[in-house]
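Structure file model-v8.cif; described as mmCIF, C-alpha atoms.
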data_work
#
loop_
_atom_site.label_atom_id
_atom_site.label_comp_id
_atom_site.auth_asym_id
_atom_site.auth_seq_id
_atom_site.Cartn_x
_atom_site.Cartn_y
_atom_site.Cartn_z
CA MET F 1316 115.58 -75.69 43.39
CA THR F 1317 115.91 -74.56 39.79
CA ASN F 1318 112.41 -75.72 39.05
CA LYS F 1319 110.98 -73.55 41.81
CA ILE F 1320 112.74 -70.50 40.41
CA VAL F 1321 111.43 -71.23 36.93
CA LEU F 1322 107.97 -71.70 38.44
CA THR F 1323 108.25 -68.28 40.05
CA TYR F 1324 109.18 -66.72 36.73
CA LEU F 1325 106.31 -68.49 35.01
CA PHE F 1326 103.86 -66.95 37.47
CA TYR F 1327 105.57 -63.57 37.63
CA LEU F 1328 105.82 -62.78 33.92
CA PRO F 1329 102.14 -63.06 32.89
CA LEU F 1330 100.96 -61.34 36.06
CA ALA F 1331 103.38 -58.41 35.80
CA LEU F 1332 102.86 -57.95 32.06
CA GLY F 1333 99.09 -58.30 32.40
CA LEU F 1334 99.05 -55.68 35.16
CA THR F 1335 101.10 -53.30 33.00
CA LEU F 1336 98.75 -53.85 30.07
CA TYR F 1337 95.64 -53.23 32.18
CA VAL F 1338 97.00 -50.10 33.84
CA ALA F 1339 98.35 -48.62 30.58
CA ARG F 1340 95.16 -49.27 28.66
CA THR F 1341 92.97 -47.71 31.33
CA LEU F 1342 95.27 -44.72 31.73
CA PHE F 1343 95.53 -43.93 28.04
CA ARG F 1344 91.89 -44.59 27.27
CA ASN F 1345 91.07 -41.88 29.78
CA ALA F 1346 94.00 -39.67 28.77
CA ARG F 1347 92.21 -38.92 25.48
CA VAL F 1348 90.12 -36.23 27.20
CA PHE F 1349 93.25 -34.53 28.53
CA MET F 1350 95.07 -34.72 25.20
CA LEU F 1351 92.13 -33.21 23.35
CA ASP F 1352 92.09 -30.44 25.92
CA ILE F 1353 95.83 -29.86 25.68
CA PHE F 1354 95.88 -29.78 21.87
CA LYS F 1355 92.70 -27.70 21.79
CA GLY F 1356 90.59 -30.29 19.99
CA LYS F 1357 93.03 -31.09 17.18
CA GLU F 1358 92.06 -34.74 17.21
CA ASP F 1359 94.77 -36.24 14.96
CA ILE F 1360 97.63 -34.68 16.93
CA ALA F 1361 96.02 -35.50 20.27
CA LEU F 1362 95.46 -39.17 19.42
CA ALA F 1363 98.94 -39.53 17.92
CA THR F 1364 100.57 -38.05 21.02
CA ASN F 1365 98.44 -40.24 23.22
CA ARG F 1366 99.58 -43.33 21.30
CA LEU F 1367 103.23 -42.26 21.50
CA PHE F 1368 103.02 -41.79 25.27
CA GLU F 1369 101.28 -45.16 25.57
CA VAL F 1370 104.13 -46.91 23.76
CA GLY F 1371 106.63 -45.10 25.99
CA PHE F 1372 104.72 -46.22 29.08
CA TYR F 1373 104.78 -49.83 27.88
CA LEU F 1374 108.52 -49.74 27.16
CA LEU F 1375 109.38 -48.20 30.50
CA ASN F 1376 107.27 -50.47 32.65
CA VAL F 1377 107.82 -53.75 30.81
CA GLY F 1378 111.52 -52.95 30.98
CA TYR F 1379 111.34 -52.41 34.72
CA ALA F 1380 109.26 -55.57 35.20
CA LEU F 1381 111.93 -57.59 33.41
CA LEU F 1382 114.73 -55.83 35.26
CA ILE F 1383 113.46 -56.97 38.67
CA LEU F 1384 112.58 -60.47 37.46
CA LYS F 1385 115.71 -62.25 38.68
CA VAL F 1386 115.34 -64.27 41.87
CA ASP F 1387 118.47 -64.08 43.95
CA ALA F 1388 118.96 -67.61 45.20
CA ASP F 1389 122.60 -68.23 44.68
CA HIS F 1390 122.92 -70.16 47.92
CA SER F 1391 121.95 -73.66 46.99
CA ASP F 1392 118.77 -75.26 48.39
CA VAL F 1393 117.52 -72.06 49.99
CA PHE F 1394 114.79 -71.51 47.43
CA ASN F 1395 113.12 -74.88 47.57
CA SER F 1396 109.61 -74.62 49.01
CA ASP F 1397 106.25 -73.38 47.86
CA GLN F 1398 106.36 -70.84 50.64
CA HIS F 1399 109.44 -69.25 49.09
CA VAL F 1400 107.70 -69.13 45.72
CA VAL F 1401 104.64 -67.42 47.19
CA GLU F 1402 106.63 -64.94 49.26
CA THR F 1403 108.97 -63.99 46.43
CA LEU F 1404 106.07 -63.59 44.02
CA ALA F 1405 104.18 -61.47 46.54
CA SER F 1406 107.07 -59.13 47.29
CA LYS F 1407 108.12 -58.74 43.66
CA LEU F 1408 104.62 -58.23 42.29
CA GLY F 1409 103.72 -56.01 45.21
CA GLY F 1410 106.73 -53.78 44.70
CA PHE F 1411 106.05 -53.66 40.98
CA ALA F 1412 102.40 -52.76 41.52
CA LEU F 1413 103.37 -49.95 43.90
CA TYR F 1414 105.84 -48.64 41.31
CA LEU F 1415 103.16 -48.88 38.64
CA GLY F 1416 100.74 -46.94 40.82
CA GLY F 1417 103.40 -44.27 41.28
CA MET F 1418 103.89 -44.04 37.52
CA LEU F 1419 100.13 -43.81 37.03
CA PHE F 1420 99.79 -40.89 39.44
CA LEU F 1421 102.85 -39.21 37.92
CA ASN F 1422 101.25 -39.44 34.47
CA LEU F 1423 97.96 -38.10 35.82
CA TYR F 1424 99.83 -35.19 37.38
CA LEU F 1425 101.60 -34.47 34.08
CA PHE F 1426 98.27 -34.49 32.22
CA PHE F 1427 96.82 -32.01 34.70
CA ARG F 1428 99.90 -29.85 34.39
CA GLY F 1429 99.75 -29.90 30.59
CA ARG F 1430 96.08 -29.01 30.69
CA ARG F 1431 96.72 -26.10 33.03
CA LYS F 1432 99.58 -24.80 30.89
CA SER F 1433 97.52 -24.98 27.72
CA ARG F 1434 94.68 -23.15 29.47
CA GLN F 1435 97.10 -20.42 30.53
CA ASN F 1436 98.34 -20.05 26.97
CA MET F 1437 94.80 -19.83 25.65
CA THR F 1438 94.04 -16.63 27.56
CA PRO F 1439 95.61 -13.57 25.94
CA PRO F 1440 99.00 -12.80 27.48
CA THR F 1441 98.89 -10.06 30.06
CA VAL F 1442 102.56 -9.27 29.62
CA PRO F 1443 103.07 -6.89 26.66
CA VAL F 1444 105.10 -8.31 23.81
CA VAL F 1445 108.68 -7.17 24.08
CA ALA F 1446 109.60 -4.93 21.15
CA ALA F 1447 112.32 -6.12 18.82
CA PRO F 1448 115.68 -4.58 19.71
CA ALA F 1449 116.48 -1.50 17.72
CA ARG F 1450 119.21 -1.94 15.19
CA MET Z 1216 100.53 -78.40 56.82
CA ASN Z 1217 102.38 -75.16 56.25
CA LEU Z 1218 100.57 -72.62 58.39
CA ASN Z 1219 102.40 -69.71 56.78
CA LEU Z 1220 100.94 -70.58 53.39
CA LEU Z 1221 97.49 -71.07 54.91
CA SER Z 1222 97.55 -67.68 56.59
CA TYR Z 1223 98.70 -66.02 53.34
CA ALA Z 1224 95.80 -67.76 51.60
CA ILE Z 1225 93.37 -66.34 54.17
CA PHE Z 1226 94.96 -62.89 54.49
CA PHE Z 1227 95.48 -61.85 50.90
CA PRO Z 1228 92.07 -62.64 49.30
CA SER Z 1229 90.04 -61.28 52.21
CA MET Z 1230 92.03 -58.05 52.37
CA LEU Z 1231 91.85 -57.79 48.58
CA LEU Z 1232 88.05 -57.92 48.74
CA ILE Z 1233 87.93 -55.21 51.40
CA ALA Z 1234 90.43 -52.94 49.62
CA MET Z 1235 88.58 -53.26 46.31
CA GLY Z 1236 85.26 -52.62 48.04
CA VAL Z 1237 86.60 -49.44 49.62
CA ALA Z 1238 88.08 -48.30 46.30
CA ARG Z 1239 84.80 -48.87 44.48
CA THR Z 1240 82.84 -47.03 47.14
CA CYS Z 1241 85.19 -44.06 46.77
CA HIS Z 1242 84.83 -44.25 42.99
CA ARG Z 1243 81.03 -44.26 43.15
CA ASN Z 1244 80.53 -41.63 45.79
CA GLY Z 1245 83.50 -39.39 44.99
CA ARG Z 1246 82.06 -38.57 41.57
CA VAL Z 1247 79.58 -35.96 42.83
CA TRP Z 1248 82.32 -34.18 44.72
CA MET Z 1249 84.59 -34.17 41.70
CA LEU Z 1250 81.76 -32.79 39.57
CA ARG Z 1251 81.59 -29.90 42.04
CA ILE Z 1252 85.33 -29.41 41.86
CA PHE Z 1253 85.64 -29.61 38.06
CA ASP Z 1254 82.66 -27.36 37.19
CA ASN Z 1255 80.39 -30.24 36.07
CA ASP Z 1256 82.73 -31.32 33.26
CA ALA Z 1257 81.43 -34.90 33.31
CA GLU Z 1258 83.80 -36.24 30.64
CA LEU Z 1259 86.90 -35.02 32.48
CA VAL Z 1260 85.55 -36.16 35.85
CA ASP Z 1261 84.91 -39.69 34.60
CA ALA Z 1262 88.39 -39.87 33.07
CA VAL Z 1263 90.08 -38.70 36.27
CA ASN Z 1264 87.83 -40.89 38.40
CA ASN Z 1265 88.63 -44.03 36.39
CA VAL Z 1266 92.37 -43.36 36.48
CA LEU Z 1267 92.16 -42.77 40.23
CA LEU Z 1268 90.27 -46.03 40.69
CA VAL Z 1269 92.96 -47.98 38.86
CA GLY Z 1270 95.66 -46.13 40.81
CA CYS Z 1271 93.87 -47.01 44.04
CA TYR Z 1272 93.69 -50.66 43.01
CA THR Z 1273 97.36 -50.89 42.02
CA VAL Z 1274 98.70 -49.15 45.11
CA ASN Z 1275 96.48 -51.03 47.56
CA ILE Z 1276 96.98 -54.42 45.96
CA GLY Z 1277 100.69 -53.77 45.62
CA TYR Z 1278 101.01 -52.89 49.29
CA LEU Z 1279 98.95 -55.93 50.27
CA ALA Z 1280 101.14 -58.23 48.20
CA LEU Z 1281 104.25 -56.59 49.59
CA VAL Z 1282 103.21 -57.30 53.19
CA THR Z 1283 102.09 -60.84 52.32
CA SER Z 1284 105.68 -61.99 52.56
CA ALA Z 1285 108.38 -62.55 55.14
CA TRP Z 1286 106.13 -63.31 58.08
CA THR Z 1287 107.90 -65.08 60.88
CA HIS Z 1288 107.63 -68.84 60.84
CA ILE Z 1289 104.22 -69.87 62.22
CA GLU Z 1290 104.09 -73.13 64.13
CA THR Z 1291 100.82 -73.33 66.06
CA TRP Z 1292 97.22 -72.43 65.39
CA PRO Z 1293 96.91 -69.85 68.19
CA GLN Z 1294 100.04 -68.18 66.87
CA MET Z 1295 98.52 -68.08 63.40
CA LEU Z 1296 95.25 -66.52 64.60
CA GLY Z 1297 97.10 -63.89 66.60
CA MET Z 1298 99.38 -63.04 63.69
CA LEU Z 1299 96.49 -62.88 61.22
CA SER Z 1300 94.35 -60.61 63.35
CA GLN Z 1301 97.28 -58.28 63.98
CA ARG Z 1302 98.14 -58.00 60.28
CA ILE Z 1303 94.51 -57.56 59.30
CA ALA Z 1304 94.12 -54.83 61.91
CA ILE Z 1305 97.11 -52.96 60.48
CA ILE Z 1306 95.68 -53.13 56.97
CA LEU Z 1307 92.24 -52.00 58.11
CA PHE Z 1308 93.69 -49.05 60.00
CA SER Z 1309 95.74 -47.95 57.00
CA LEU Z 1310 92.72 -48.24 54.73
CA ALA Z 1311 90.72 -46.15 57.19
CA GLY Z 1312 93.49 -43.55 57.24
CA LEU Z 1313 93.60 -43.37 53.45
CA HIS Z 1314 89.82 -43.15 53.32
CA TYR Z 1315 89.55 -40.23 55.73
CA ASN Z 1316 92.42 -38.57 53.90
CA ASN Z 1317 90.45 -38.88 50.65
CA ILE Z 1318 87.39 -37.33 52.24
CA ALA Z 1319 89.46 -34.49 53.69
CA VAL Z 1320 91.10 -33.73 50.33
CA LEU Z 1321 87.74 -33.65 48.54
CA LEU Z 1322 86.17 -31.43 51.20
CA ILE Z 1323 89.06 -28.97 51.36
CA TRP Z 1324 89.52 -28.78 47.60
CA SER Z 1325 85.84 -28.17 46.93
CA ARG Z 1326 85.72 -25.56 49.68
CA ILE Z 1327 88.73 -23.68 48.26
CA LYS Z 1328 87.33 -23.91 44.74
CA HIS Z 1329 83.93 -22.60 45.71
CA ARG Z 1330 85.30 -19.77 47.79
CA VAL Z 1331 87.44 -18.66 44.84
CA THR Z 1332 84.61 -18.84 42.30
CA THR Z 1333 82.10 -17.07 44.49
CA ASP Z 1334 84.65 -14.33 45.10
CA ALA Z 1335 85.27 -13.99 41.37
CA HIS Z 1336 81.58 -13.92 40.48
CA ARG Z 1337 80.60 -11.49 43.20
CA PRO Z 1338 79.34 -8.31 41.53
CA SER Z 1339 81.79 -5.54 42.13
CA THR Z 1340 80.26 -2.65 44.04
CA THR Z 1341 83.09 -0.23 43.44
CA THR Z 1342 81.96 1.76 40.43
#
File written out as structure tokens:
Amino acid sequence: MTNKIVLTYLFYLPLALGLTLYVARTLFRNARVFMLDIFKGKEDIALATNRLFEVGFYLLNVGYALLILKVDADHSDVFNSDQHVVETLASKLGGFALYLGGMLFLNLYLFFRGRRKSRQNMTPPTVPVVAAPAR
Amino acid sequence: MNLNLLSYAIFFPSMLLIAMGVARTCHRNGRVWMLRIFDNDAELVDAVNNVLLVGCYTVNIGYLALVTSAWTHIETWPQMLGMLSQRIAIILFSLAGLHYNNIAVLLIWSRIKHRVTTDAHRPSTTT
């Protein structure tokens, strides 16, 4: 029984971490365009911010992948067949992939939002600057 | 022979192929529409398109993996074939729904965008 659980972990860990790596790399390779847009072409700041967000993304998702790693098989000899291994792997990896997709779309939304905000700030403000209060 | 494992082995790879094929078709043919929407900014369109492709992959594959578990115990071959075709049908219908939804979003967004820009660029006659 224990061996099957360890087997599940051995399959789960590389797959989940590899998926995180693939998604994060693709996302942040393409996020460069957005960052350059947001920081109005200041390349050093844009790339640095991109890198910082990438590290944050890794921390968050690797943390979540490890958090849901544990297989609950406290009842003895329940978790003893290959079918259990396959089903547990499928449901855990599937749930994790769905979560990862959600995070990806959330990040994409935030990039679009940042880009829109920075575009709004670029146009001269239509609201007149409020005068300093008289002393 | 464990028929549950066999049907998982048939179901998951074949559905994976179909889902990835659909995602790649959307990626290839959605680009022109997105160029229309984002004013021909090719760099931005490619970035968004690639991120969407990966998002499509993760969500579809994640859902597939999620439903490749906890099937009822399969004992006979006819039962397996019936179960498989039912599950495959559900996946194909959901993919079709997502696909038409994608097309609708692209159509509506590009229509809104173009109405707004043509309104803005229309020469004003009130002088």
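Between CA of Tyr1379 in chain F and CA of Leu1267 in chain Z lies a distance of 22.2 Å.
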TODO: Report as JSON, numbers by chain the full result of the PyMOL selection byres ((chain Z and resi 1243-1257) around 9) when it is applied to this structure.
DONE: {"Z": [1238, 1239, 1240, 1241, 1242, 1258, 1259, 1260, 1261, 1262, 1263, 1264, 1317, 1318, 1321, 1322, 1324, 1325, 1326, 1328, 1329]}
Kindly assemble as a Markdown table a list of the chain F residues that lie within 8 Å of chain Z, each paired with its nearest atom pair and their distance in Å to one decimal, using all atoms listed in the file, sorted first by chain and then by ascending residue number.
| residue | atom | partner | partner_atom | distance |
| --- | --- | --- | --- | --- |
| F:Val1338 | CA | Z:Val1269 | CA | 6.8 |
| F:Thr1341 | CA | Z:Val1266 | CA | 6.8 |
| F:Leu1342 | CA | Z:Val1266 | CA | 5.7 |
| F:Asn1345 | CA | Z:Ala1262 | CA | 4.7 |
| F:Ala1346 | CA | Z:Ala1262 | CA | 7.1 |
| F:Val1348 | CA | Z:Leu1259 | CA | 6.3 |
| F:Phe1349 | CA | Z:Leu1259 | CA | 7.5 |
| F:Gln1398 | CA | Z:Leu1220 | CA | 6.1 |
| F:Val1401 | CA | Z:Ser1284 | CA | 7.7 |
| F:Glu1402 | CA | Z:Ser1284 | CA | 4.5 |
| F:Thr1403 | CA | Z:Ser1284 | CA | 7.2 |
| F:Ala1405 | CA | Z:Ala1280 | CA | 4.7 |
| F:Ser1406 | CA | Z:Leu1281 | CA | 4.4 |
| F:Lys1407 | CA | Z:Leu1281 | CA | 7.4 |
| F:Leu1408 | CA | Z:Gly1277 | CA | 6.8 |
| F:Gly1409 | CA | Z:Gly1277 | CA | 3.8 |
| F:Gly1410 | CA | Z:Gly1277 | CA | 6.1 |
| F:Phe1411 | CA | Z:Gly1277 | CA | 7.1 |
| F:Ala1412 | CA | Z:Gly1277 | CA | 4.6 |
| F:Leu1413 | CA | Z:Val1274 | CA | 4.9 |
| F:Leu1415 | CA | Z:Thr1273 | CA | 7.0 |
| F:Gly1416 | CA | Z:Gly1270 | CA | 5.1 |
| F:Gly1417 | CA | Z:Val1274 | CA | 7.8 |
| F:Leu1419 | CA | Z:Gly1270 | CA | 6.3 |
| F:Phe1420 | CA | Z:Gly1270 | CA | 6.8 |
| F:Leu1423 | CA | Z:Val1266 | CA | 7.7 |
Give me a file of those residues, with C-alpha atoms, as a PDB file, in the frame of the given file.
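The resulting file, part-v3.pdb, is shown below:
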ATOM      1  CA  VAL F1338      97.000 -50.100  33.840  1.00  0.00           C
ATOM      2  CA  THR F1341      92.970 -47.710  31.330  1.00  0.00           C
ATOM      3  CA  LEU F1342      95.270 -44.720  31.730  1.00  0.00           C
ATOM      4  CA  ASN F1345      91.070 -41.880  29.780  1.00  0.00           C
ATOM      5  CA  ALA F1346      94.000 -39.670  28.770  1.00  0.00           C
ATOM      6  CA  VAL F1348      90.120 -36.230  27.200  1.00  0.00           C
ATOM      7  CA  PHE F1349      93.250 -34.530  28.530  1.00  0.00           C
ATOM      8  CA  GLN F1398     106.360 -70.840  50.640  1.00  0.00           C
ATOM      9  CA  VAL F1401     104.640 -67.420  47.190  1.00  0.00           C
ATOM     10  CA  GLU F1402     106.630 -64.940  49.260  1.00  0.00           C
ATOM     11  CA  THR F1403     108.970 -63.990  46.430  1.00  0.00           C
ATOM     12  CA  ALA F1405     104.180 -61.470  46.540  1.00  0.00           C
ATOM     13  CA  SER F1406     107.070 -59.130  47.290  1.00  0.00           C
ATOM     14  CA  LYS F1407     108.120 -58.740  43.660  1.00  0.00           C
ATOM     15  CA  LEU F1408     104.620 -58.230  42.290  1.00  0.00           C
ATOM     16  CA  GLY F1409     103.720 -56.010  45.210  1.00  0.00           C
ATOM     17  CA  GLY F1410     106.730 -53.780  44.700  1.00  0.00           C
ATOM     18  CA  PHE F1411     106.050 -53.660  40.980  1.00  0.00           C
ATOM     19  CA  ALA F1412     102.400 -52.760  41.520  1.00  0.00           C
ATOM     20  CA  LEU F1413     103.370 -49.950  43.900  1.00  0.00           C
ATOM     21  CA  LEU F1415     103.160 -48.880  38.640  1.00  0.00           C
ATOM     22  CA  GLY F1416     100.740 -46.940  40.820  1.00  0.00           C
ATOM     23  CA  GLY F1417     103.400 -44.270  41.280  1.00  0.00           C
ATOM     24  CA  LEU F1419     100.130 -43.810  37.030  1.00  0.00           C
ATOM     25  CA  PHE F1420      99.790 -40.890  39.440  1.00  0.00           C
ATOM     26  CA  LEU F1423      97.960 -38.100  35.820  1.00  0.00           C
TER      27      LEU F1423
END
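CA of Leu1232 in chain Z sits 23.6 Å away from CA of Leu1328 in chain F.
The closest residue to Met1437 in chain F, picked from F:Leu1382, F:Ile1353, F:Ala1363, F:Leu1404 and counting only C-alpha atoms, is F:Ile1353.
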Task: Residues selected by the PyMOL selection byres ((chain Z and resi 1293-1303) around 8), written as number ranges by chain - done: Z: 1218-1219, 1222, 1226, 1230, 1289-1292, 1304-1307
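The space separating CA of Leu1425 in chain F from CA of Leu1381 in chain F comes to 25.3 Å.
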